[in-house]
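Student: Dropping a structure here in C-alpha cells format, bear with me for questions.
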Number of protein chains: 2
Amino acid sequence: MLDCAIIGGGPAGLTAGLYATRGGLKNVTLFEMGMPGGQITQSSEIENYPGYFEHGKTGMDFMDTWQEQCFHFGLKHEMKKVQKVQKADEHFVVTFENGESTLSRTVVVCTGSTPKRAGFKGENEFFGKGVSTCATCDGFFYKNRPVAVLGGGDTALEEAYYLSNICSEVFVIHRRDHFRAAPSTVDRAQRKENIHFVLESTVEEVMGDAMGVTGVKIKDKSGELSTLEVPGLFVFVGQNVNNDVLKTNDGSFICDVNEAGQVIVDLSMRTSLEGLFAAGDIRIEAPKQVVCAAGDGATAALGAISYIQEQA
Amino acid sequence: MLDCAIIGGGPAGLTAGLYATRGGLKNVTLFEMGMPGGQITQSSEIENYPGYFEHGKTGMDFMDTWQEQCFHFGLKHEMKKVQKVQKADEHFVVTFENGESTLSRTVVVCTGSTPKRAGFKGENEFFGKGVSTCATCDGFFYKNRPVAVLGGGDTALEEAYYLSNICSEVFVIHRRDHFRAAPSTVDRAQRKENIHFVLESTVEEVMGDAMGVTGVKIKDKSGELSTLEVPGLFVFVGQNVNNDVLKTNDGSFICDVNEAGQVIVDLSMRTSLEGLFAAGDIRIEAPKQVVCAAGDGATAALGAISYIQEQA
C-alpha cells in the first residue's frame with residue numbers, strides 16, 4: 001500500500017512528491033505517462049517564477065532542476081496512465097488503463113487543465129513562440145507592442161483587458177458579433193481605448209519565422225482575408241479540466257466539483273473526500289501559475305502527511 | 001495614489017510585487033524597513049524550494065535572485081515602517097511610523113508571523129545552525145539522527161510526530177508534567193516508540209561549535225542539569241502574528257481575523273475588506289513554506305489587478 005499516490009507530473013505533482021518524501025512518507029509514487037514537467041515545458045521563456053531569472057532559458061531547462069530535486073528524497077515515478085481513483089473503506093484504489101491497480105492511503109490529484117486549441121494553421125507549430133494561452137505568463141513579453149486575442153467569453157475579455165495595460169494595442173478577434181462574456185466585462189473592454197474588436201471573424205493561420213509569430217491571417221464573414229501584423233496571439237477558447245480520473249462509472253465525481261468540473265478545495269487543498277487532495281490547475285480558482293501550483297503541491301502533501309498522522 | 005501598496009518584503013511580498021508590476025500596474029511600492037528577503041534569509045541551507053537545489057547555498061544566497069527579479073519590472077521599495085492601514089471611501093490610507101501617509105487603490109499585507117524565542121542561552125547564536133522553528137523546513141537535515149523539541153502545545157506535539165518519521169529519536173522537552181495539546185495529539189505522540197518525553201524540564205542552553213549545535217543543556221524541576229547530545233533543537237513556544245498594521249485605534253481589526261489573529265482569506269487571498277489582500281504566514285492555514293508564500297503573493301497580486309479592473 002502506498003502512503004501517497006500523486007497523479008500528474010506538473011509543478012504541483014512534483015512539489016507534492018518533494019514535500020511528501022522529504023516529510024517522511026516512505027512509499028510515494030507519482031504517476032505520469034511521459035517525463036514529468038507539465039505544460040511549462042512548452043514555454044520558450046520563463047521570468048515570473050521567483051528565484052528563476054535566467055534570460056533565454058526555456059521551460060524545459062527550467063524543469064531540469066525540479067526533476068533532480070523532487071526525486072532526490074525517494075519519490076518514485078511510474079509511467080502509467082491512471083484511469084480512475086476510488087475510495088474503499090479507509091484507503092484508495094488507483095486503477096490504471098492497463099487494468100492493474102494499486103492501493104494508497106492518500107491521493108493527490110494534479111492532472112491540471114488543458115487550454116483548448118482553436119484549430120487554425122500554425123497553432124501547434126508556434127505554440128510557446130508567439131501563440132499563448134496565458135496572458136499573466138506571457139503578456140509582458142509584448143510590452144508596448146500590439147497583440148491579438150482570440151475568443152469571446154469572460155476569460156478572453158478579462159485577459160484582453162489585462163493585456164491592454166501592458167501592450168500597445170489589443171485586437172480581440174471573435175467569430176460572432178456579440179459576446180458570451182458578462183455585460184459589465186464587455187462594457188469595460190469596449191471603453192478601453194487600446195482594445196479593438198475584430199468581430200464576425202476567425203483566425204485562418206498564424207504566420208511566423210524562426211524568431212516566432214509575425215502576423216495573424218483573419219477571415220471575415222464575407223470570406224475576405226486580411227493580415228494583422230502582431231508578434232503575439234493569445235487563444236482563449238475554453239479549458240478542458242482533466243478530471244476524468246475522479247469520475248465514477250455513472251459519470252458522477254468522487255468529490256465535489258464546480259460547474260466547470262474544477263475540484264472544490266479549501267485552503268489546505270483538501271477535497272470533500274477525506275484523504276483526497278487536489279493541487280494546481282484542476283482546482284477551483286487556480287491562478288494557473290507555476291509558483292501557485294507548486295505552493296498547492298506542497299500544501300497538499302503536508303495535508304496528506306497530517307491526515308496519515310491523524311489515522312495513527 | 002499607488003495602484004498597490006505591498007506591506008512586508010518576504011517571499012510573499014516580493015512575489016506580489018513581481019506579479020503586480022509585470023501584470024501592468026504602474027505604481028507599486030513595497031514597504032519594508034530592511035532589505036527584503038524575509039525569515040528565510042536566516043536559514044543556513046534550503047532544499048525544499050522547487051527549482052533551487054544547490055548544495056551549500058544559504059537563505060541569503062537564495063534570495064539574491066529574487067531581489068533582482070522582483071524589482072526588475074518596476075516595483076519600488078521604500079524603507080518605511082507601516083503603522084496602520086485604513087480604508088477611506090474607495091481607497092486605502094497607509095500611515096507610516098513617522099506620521100506620513102500615502103494613498104493606494106489596493107493593499108497586499110504580507111507581514112508574516114514570527115516564531116517566539118524561548119530565551120535560552122545560545123538560541124540566537126545557533127538559530128539556523130541547529131536551532132529551528134520549522135520541522136517541515138529543517139527536519140530532513142536530521143534524517144536518522146536524534147533531535148529535541150521544546151514546547152507542549154499542539155504545534156510542538158504535531159511537529160514532534162512529523163519529526164519522528166524522519167529522525168531516529170525525538171526528545172520532547174516540556175516545562176510541565178501535562179500538555180496543553182489536544183488529548184488525541186498527546187495520545188498519538190505517546191504511542192510513537194521513538195518519541196521520548198522530558199517533562200518538568202527547561203532548556204538552559206544550546207551548545208555547539210562552528211559546525212552547529214552539538215547538544216542541549218536541560219534543567220529538571222529539582223534544578224539538576226543534564227546534557228542531551230543532539231544536533232538539532234526545534235523550538236515551538238508560540239507565534240506572534242504581525243497584524244498590528246491592520247489594527248484600528250480601538251484595537252479591532254479592519255478585516256476579519258481568527259482567534260489567533262491570523263487574517264481570514266479565501267482561495268484568492270481576498271480578505272473580508274474589498275481591495276485588501278493577505279499573503280504568506282499572516283493568513284489562516286499558512287503552511288509557512290517559501291513556495292506557498294510566493295504562490296500566495298502571486299495570487300494576491302492577480303486579485304489586486306482584477307479588483308482594479310473591476311473598478312474601471
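Convention: chains lettered A, B, ... in C-alpha cells order; per-chain residue numbering from 1; ligands numbered from 1 as shown.
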Near chain A, which residues of chain B fall within 6 Å when you count only C-alpha atoms, and what do they look like as number ranges by chain?
Tutor: B: 24, 50-51, 65-66, 165-166, 291-292, 295
Student: Write down as a PyMOL selection string the residues belonging to region 97-243 of chain A that are assigned strand (DSSP E or B) by DSSP computed on the backbone.
Tutor: chain A and resi 101-109+113-115+121+127+131-132+147-150+170-173+195-198+201-209+212-220+225-228+233-235+239-241
Student: Enumerate, as a ChimeraX atom specification, the complete set of residues in region 130-272 of chain A that a backbone-based DSSP assignment places in helix (DSSP H, G or I).
Tutor: /A:135-142,154-164,183-191,244-246
Student: Please list as a list in words every residue within 10 Å of region 90-99 of chain A, counting only C-alpha atoms and excluding residues in the same chain fewer than 5 positions away.
Tutor: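 The residues satisfying every condition are Met1, Leu2, Asp3, Cys4, Ala5, Ile7, Phe31, Lys80, Lys81, Val82, Gln83, Lys84, Val85, Ser104, Arg105, Thr106, Val107, Val245, Glu274, Gly275, Leu276 and Gln311 of chain A.
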Student: Taking N, CA, C and O atoms for each residue, export the selection above as a PDB file, in the first residue's frame.
Tutor:
```
ATOM      1  N   MET A   1       0.854  -1.208   0.000  1.00  0.00           N
ATOM      2  CA  MET A   1       0.000   0.000   0.000  1.00  0.00           C
ATOM      3  C   MET A   1       0.887   1.254   0.000  1.00  0.00           C
ATOM      4  O   MET A   1       1.791   1.397   0.822  1.00  0.00           O
ATOM      5  N   LEU A   2       0.599   2.137  -0.928  1.00  0.00           N
ATOM      6  CA  LEU A   2       1.335   3.407  -0.953  1.00  0.00           C
ATOM      7  C   LEU A   2       0.883   4.303   0.201  1.00  0.00           C
ATOM      8  O   LEU A   2      -0.265   4.232   0.641  1.00  0.00           O
ATOM      9  N   ASP A   3       1.765   5.169   0.667  1.00  0.00           N
ATOM     10  CA  ASP A   3       1.347   6.227   1.589  1.00  0.00           C
ATOM     11  C   ASP A   3       0.621   7.329   0.816  1.00  0.00           C
ATOM     12  O   ASP A   3      -0.352   7.898   1.290  1.00  0.00           O
ATOM     13  N   CYS A   4       1.163   7.631  -0.358  1.00  0.00           N
ATOM     14  CA  CYS A   4       0.585   8.717  -1.139  1.00  0.00           C
ATOM     15  C   CYS A   4       0.766   8.443  -2.630  1.00  0.00           C
ATOM     16  O   CYS A   4       1.883   8.171  -3.074  1.00  0.00           O
ATOM     17  N   ALA A   5      -0.339   8.483  -3.367  1.00  0.00           N
ATOM     18  CA  ALA A   5      -0.288   8.375  -4.826  1.00  0.00           C
ATOM     19  C   ALA A   5      -0.501   9.764  -5.395  1.00  0.00           C
ATOM     20  O   ALA A   5      -1.493  10.426  -5.072  1.00  0.00           O
ATOM     21  N   ILE A   7      -1.052  11.911  -8.761  1.00  0.00           N
ATOM     22  CA  ILE A   7      -1.454  11.693 -10.146  1.00  0.00           C
ATOM     23  C   ILE A   7      -1.207  12.967 -10.933  1.00  0.00           C
ATOM     24  O   ILE A   7      -1.854  13.992 -10.697  1.00  0.00           O
ATOM     25  N   PHE A  31       2.438   9.222 -10.688  1.00  0.00           N
ATOM     26  CA  PHE A  31       2.022   8.560 -11.917  1.00  0.00           C
ATOM     27  C   PHE A  31       1.876   9.583 -13.033  1.00  0.00           C
ATOM     28  O   PHE A  31       1.092  10.528 -12.924  1.00  0.00           O
ATOM     29  N   LYS A  80       2.562   5.251 -15.877  1.00  0.00           N
ATOM     30  CA  LYS A  80       1.276   4.579 -16.033  1.00  0.00           C
ATOM     31  C   LYS A  80       0.206   5.629 -16.130  1.00  0.00           C
ATOM     32  O   LYS A  80       0.279   6.656 -15.459  1.00  0.00           O
ATOM     33  N   LYS A  81      -0.779   5.351 -16.943  1.00  0.00           N
ATOM     34  CA  LYS A  81      -1.903   6.274 -17.071  1.00  0.00           C
ATOM     35  C   LYS A  81      -2.987   5.835 -16.101  1.00  0.00           C
ATOM     36  O   LYS A  81      -3.482   4.709 -16.173  1.00  0.00           O
ATOM     37  N   VAL A  82      -3.341   6.730 -15.199  1.00  0.00           N
ATOM     38  CA  VAL A  82      -4.381   6.410 -14.226  1.00  0.00           C
ATOM     39  C   VAL A  82      -5.745   6.543 -14.891  1.00  0.00           C
ATOM     40  O   VAL A  82      -6.014   7.532 -15.584  1.00  0.00           O
ATOM     41  N   GLN A  83      -6.572   5.531 -14.703  1.00  0.00           N
ATOM     42  CA  GLN A  83      -7.919   5.590 -15.273  1.00  0.00           C
ATOM     43  C   GLN A  83      -8.918   6.127 -14.255  1.00  0.00           C
ATOM     44  O   GLN A  83      -9.726   6.972 -14.549  1.00  0.00           O
ATOM     45  N   LYS A  84      -8.840   5.600 -13.045  1.00  0.00           N
ATOM     46  CA  LYS A  84      -9.740   6.128 -12.017  1.00  0.00           C
ATOM     47  C   LYS A  84      -9.237   5.918 -10.600  1.00  0.00           C
ATOM     48  O   LYS A  84      -8.373   5.076 -10.344  1.00  0.00           O
ATOM     49  N   VAL A  85      -9.807   6.708  -9.718  1.00  0.00           N
ATOM     50  CA  VAL A  85      -9.495   6.649  -8.289  1.00  0.00           C
ATOM     51  C   VAL A  85     -10.795   6.386  -7.552  1.00  0.00           C
ATOM     52  O   VAL A  85     -11.804   7.055  -7.810  1.00  0.00           O
ATOM     53  N   SER A 104      -3.585   2.968  -1.992  1.00  0.00           N
ATOM     54  CA  SER A 104      -2.861   4.080  -1.393  1.00  0.00           C
ATOM     55  C   SER A 104      -3.673   4.659  -0.244  1.00  0.00           C
ATOM     56  O   SER A 104      -4.898   4.663  -0.265  1.00  0.00           O
ATOM     57  N   ARG A 105      -2.955   5.138   0.767  1.00  0.00           N
ATOM     58  CA  ARG A 105      -3.641   5.726   1.931  1.00  0.00           C
ATOM     59  C   ARG A 105      -4.150   7.121   1.611  1.00  0.00           C
ATOM     60  O   ARG A 105      -5.162   7.554   2.176  1.00  0.00           O
ATOM     61  N   THR A 106      -3.444   7.841   0.762  1.00  0.00           N
ATOM     62  CA  THR A 106      -3.880   9.181   0.357  1.00  0.00           C
ATOM     63  C   THR A 106      -3.639   9.352  -1.146  1.00  0.00           C
ATOM     64  O   THR A 106      -2.817   8.636  -1.733  1.00  0.00           O
ATOM     65  N   VAL A 107      -4.348  10.289  -1.736  1.00  0.00           N
ATOM     66  CA  VAL A 107      -4.171  10.608  -3.160  1.00  0.00           C
ATOM     67  C   VAL A 107      -4.095  12.126  -3.315  1.00  0.00           C
ATOM     68  O   VAL A 107      -4.893  12.858  -2.726  1.00  0.00           O
ATOM     69  N   VAL A 245     -10.098  11.073 -14.034  1.00  0.00           N
ATOM     70  CA  VAL A 245      -9.722  10.055 -13.041  1.00  0.00           C
ATOM     71  C   VAL A 245     -10.609  10.097 -11.799  1.00  0.00           C
ATOM     72  O   VAL A 245     -10.633   9.150 -11.018  1.00  0.00           O
ATOM     73  N   GLU A 274     -12.322  12.705   2.295  1.00  0.00           N
ATOM     74  CA  GLU A 274     -11.176  12.632   3.218  1.00  0.00           C
ATOM     75  C   GLU A 274     -10.027  11.821   2.640  1.00  0.00           C
ATOM     76  O   GLU A 274     -10.228  10.714   2.147  1.00  0.00           O
ATOM     77  N   GLY A 275      -8.842  12.372   2.710  1.00  0.00           N
ATOM     78  CA  GLY A 275      -7.655  11.667   2.222  1.00  0.00           C
ATOM     79  C   GLY A 275      -7.335  11.990   0.771  1.00  0.00           C
ATOM     80  O   GLY A 275      -6.270  11.640   0.278  1.00  0.00           O
ATOM     81  N   LEU A 276      -8.281  12.652   0.091  1.00  0.00           N
ATOM     82  CA  LEU A 276      -8.062  13.062  -1.306  1.00  0.00           C
ATOM     83  C   LEU A 276      -7.782  14.563  -1.346  1.00  0.00           C
ATOM     84  O   LEU A 276      -8.572  15.357  -0.832  1.00  0.00           O
ATOM     85  N   GLN A 311      -4.665   9.335  11.463  1.00  0.00           N
ATOM     86  CA  GLN A 311      -5.168   7.968  11.455  1.00  0.00           C
ATOM     87  C   GLN A 311      -4.390   7.074  12.424  1.00  0.00           C
ATOM     88  O   GLN A 311      -4.821   5.975  12.719  1.00  0.00           O
TER      89      GLN A 311
END
```
Student: Tell me, in Å to one decimal, how far CA of Ala301 (chain B) is from CA of Ser43 (chain B).
Tutor: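 Distance between the two atoms: 26.5 Å.
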Student: At a cut-off of 10 Å, using only C-alpha atoms, what residues contact Thr227 (chain B)? Leave out same-chain residues fewer than 3 positions from it and give the result as a list in words.
Tutor: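 Once the nearby chain positions are removed, what remains is Val203, Glu204, Glu205, Val206, Met207, Thr214, Gly215, Val216, Lys217, Ile218, Lys219 and Val230 of chain B.
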Student: So which one's closest to Asn242 (chain B), B:Gly10, B:Gly37, B:Gly261, B:Gly208? Using only C-alpha atoms, please.
Tutor: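 Of B:Gly10, B:Gly37, B:Gly261, B:Gly208, the one nearest Asn242 (chain B), counting only C-alpha atoms, is B:Gly261.
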Student: Could you tell me how far CA of Asp154 (chain A) sits from CA of Ala182 (chain A), in Å to one decimal place?
Tutor: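 Interatomic distance here is 6.4 Å.
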Student: For a quick check of understanding, using only C-alpha atoms, which of B:Ala304, B:Leu157, B:Leu30, B:Ile254 has the smallest distance to Ala88 (chain B)?
Tutor: B:Ile254
Student: How many Å lie between CA of Ile308 (chain A) and CA of Gln86 (chain A), rounded to one decimal?
Tutor: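 The value is 17.7 Å.
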Student: Nearest to Ala16 (chain A): which of A:Ser132, A:Ser101, A:Thr29, A:Asn243 is it, counting only C-alpha atoms?
Tutor: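 Under the stated criterion, the closest residue is A:Thr29.
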Student: Measuring between only C-alpha atoms, which one of A:Lys116, A:His196, A:Lys57, A:Lys221 shows the shortest distance to Glu45 (chain A)?
Tutor: A:Lys57
Student: Looking at B:Asn249, B:Thr155, B:Asn194, B:Gln262, which one is nearest to Ala279 (chain B), with distances taken over only C-alpha atoms?
Tutor: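 Closest to Ala279 (chain B) of all the choices is B:Gln262.
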Student: For Val147 (chain A), list every protein, DNA or RNA residue within 8 Å, evaluated using only C-alpha atoms, and leave out those in the same chain fewer than 4 positions away; present the list as a ChimeraX atom specification.
Tutor: /A:142,167-171,230-234
Student: Take the residues just selected and output them with N, CA, C and O atoms as a PDB file, in the first residue's frame.
Tutor:
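The resulting file, out32.pdb, is shown below:
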```pdb
ATOM      1  N   TYR A 142       5.313  41.135 -24.552  1.00  0.00           N
ATOM      2  CA  TYR A 142       4.828  42.008 -25.633  1.00  0.00           C
ATOM      3  C   TYR A 142       4.585  43.423 -25.128  1.00  0.00           C
ATOM      4  O   TYR A 142       3.729  44.135 -25.640  1.00  0.00           O
ATOM      5  N   CYS A 167       0.316  45.985 -23.233  1.00  0.00           N
ATOM      6  CA  CYS A 167       0.606  46.032 -24.667  1.00  0.00           C
ATOM      7  C   CYS A 167       0.094  47.353 -25.256  1.00  0.00           C
ATOM      8  O   CYS A 167      -0.759  48.018 -24.672  1.00  0.00           O
ATOM      9  N   SER A 168       0.609  47.713 -26.430  1.00  0.00           N
ATOM     10  CA  SER A 168       0.196  48.976 -27.046  1.00  0.00           C
ATOM     11  C   SER A 168      -1.245  48.898 -27.561  1.00  0.00           C
ATOM     12  O   SER A 168      -2.037  49.827 -27.354  1.00  0.00           O
ATOM     13  N   GLU A 169      -1.567  47.826 -28.256  1.00  0.00           N
ATOM     14  CA  GLU A 169      -2.915  47.636 -28.791  1.00  0.00           C
ATOM     15  C   GLU A 169      -3.314  46.178 -28.596  1.00  0.00           C
ATOM     16  O   GLU A 169      -2.469  45.290 -28.695  1.00  0.00           O
ATOM     17  N   VAL A 170      -4.593  45.958 -28.362  1.00  0.00           N
ATOM     18  CA  VAL A 170      -5.093  44.582 -28.242  1.00  0.00           C
ATOM     19  C   VAL A 170      -6.259  44.398 -29.215  1.00  0.00           C
ATOM     20  O   VAL A 170      -7.269  45.107 -29.115  1.00  0.00           O
ATOM     21  N   PHE A 171      -6.105  43.498 -30.168  1.00  0.00           N
ATOM     22  CA  PHE A 171      -7.154  43.206 -31.145  1.00  0.00           C
ATOM     23  C   PHE A 171      -7.878  41.929 -30.724  1.00  0.00           C
ATOM     24  O   PHE A 171      -7.272  40.859 -30.687  1.00  0.00           O
ATOM     25  N   VAL A 230       1.056  41.243 -35.842  1.00  0.00           N
ATOM     26  CA  VAL A 230       1.290  41.224 -34.391  1.00  0.00           C
ATOM     27  C   VAL A 230       2.285  40.108 -34.071  1.00  0.00           C
ATOM     28  O   VAL A 230       2.311  39.079 -34.743  1.00  0.00           O
ATOM     29  N   PRO A 231       3.088  40.317 -33.027  1.00  0.00           N
ATOM     30  CA  PRO A 231       4.050  39.272 -32.649  1.00  0.00           C
ATOM     31  C   PRO A 231       3.471  38.241 -31.677  1.00  0.00           C
ATOM     32  O   PRO A 231       4.148  37.273 -31.341  1.00  0.00           O
ATOM     33  N   GLY A 232       2.227  38.472 -31.240  1.00  0.00           N
ATOM     34  CA  GLY A 232       1.651  37.552 -30.254  1.00  0.00           C
ATOM     35  C   GLY A 232       0.159  37.347 -30.458  1.00  0.00           C
ATOM     36  O   GLY A 232      -0.574  38.296 -30.777  1.00  0.00           O
ATOM     37  N   LEU A 233      -0.276  36.119 -30.287  1.00  0.00           N
ATOM     38  CA  LEU A 233      -1.702  35.784 -30.368  1.00  0.00           C
ATOM     39  C   LEU A 233      -2.069  34.955 -29.145  1.00  0.00           C
ATOM     40  O   LEU A 233      -1.476  33.899 -28.905  1.00  0.00           O
ATOM     41  N   PHE A 234      -3.039  35.464 -28.382  1.00  0.00           N
ATOM     42  CA  PHE A 234      -3.497  34.766 -27.180  1.00  0.00           C
ATOM     43  C   PHE A 234      -4.827  34.086 -27.466  1.00  0.00           C
ATOM     44  O   PHE A 234      -5.782  34.747 -27.886  1.00  0.00           O
TER      45      PHE A 234
END
```
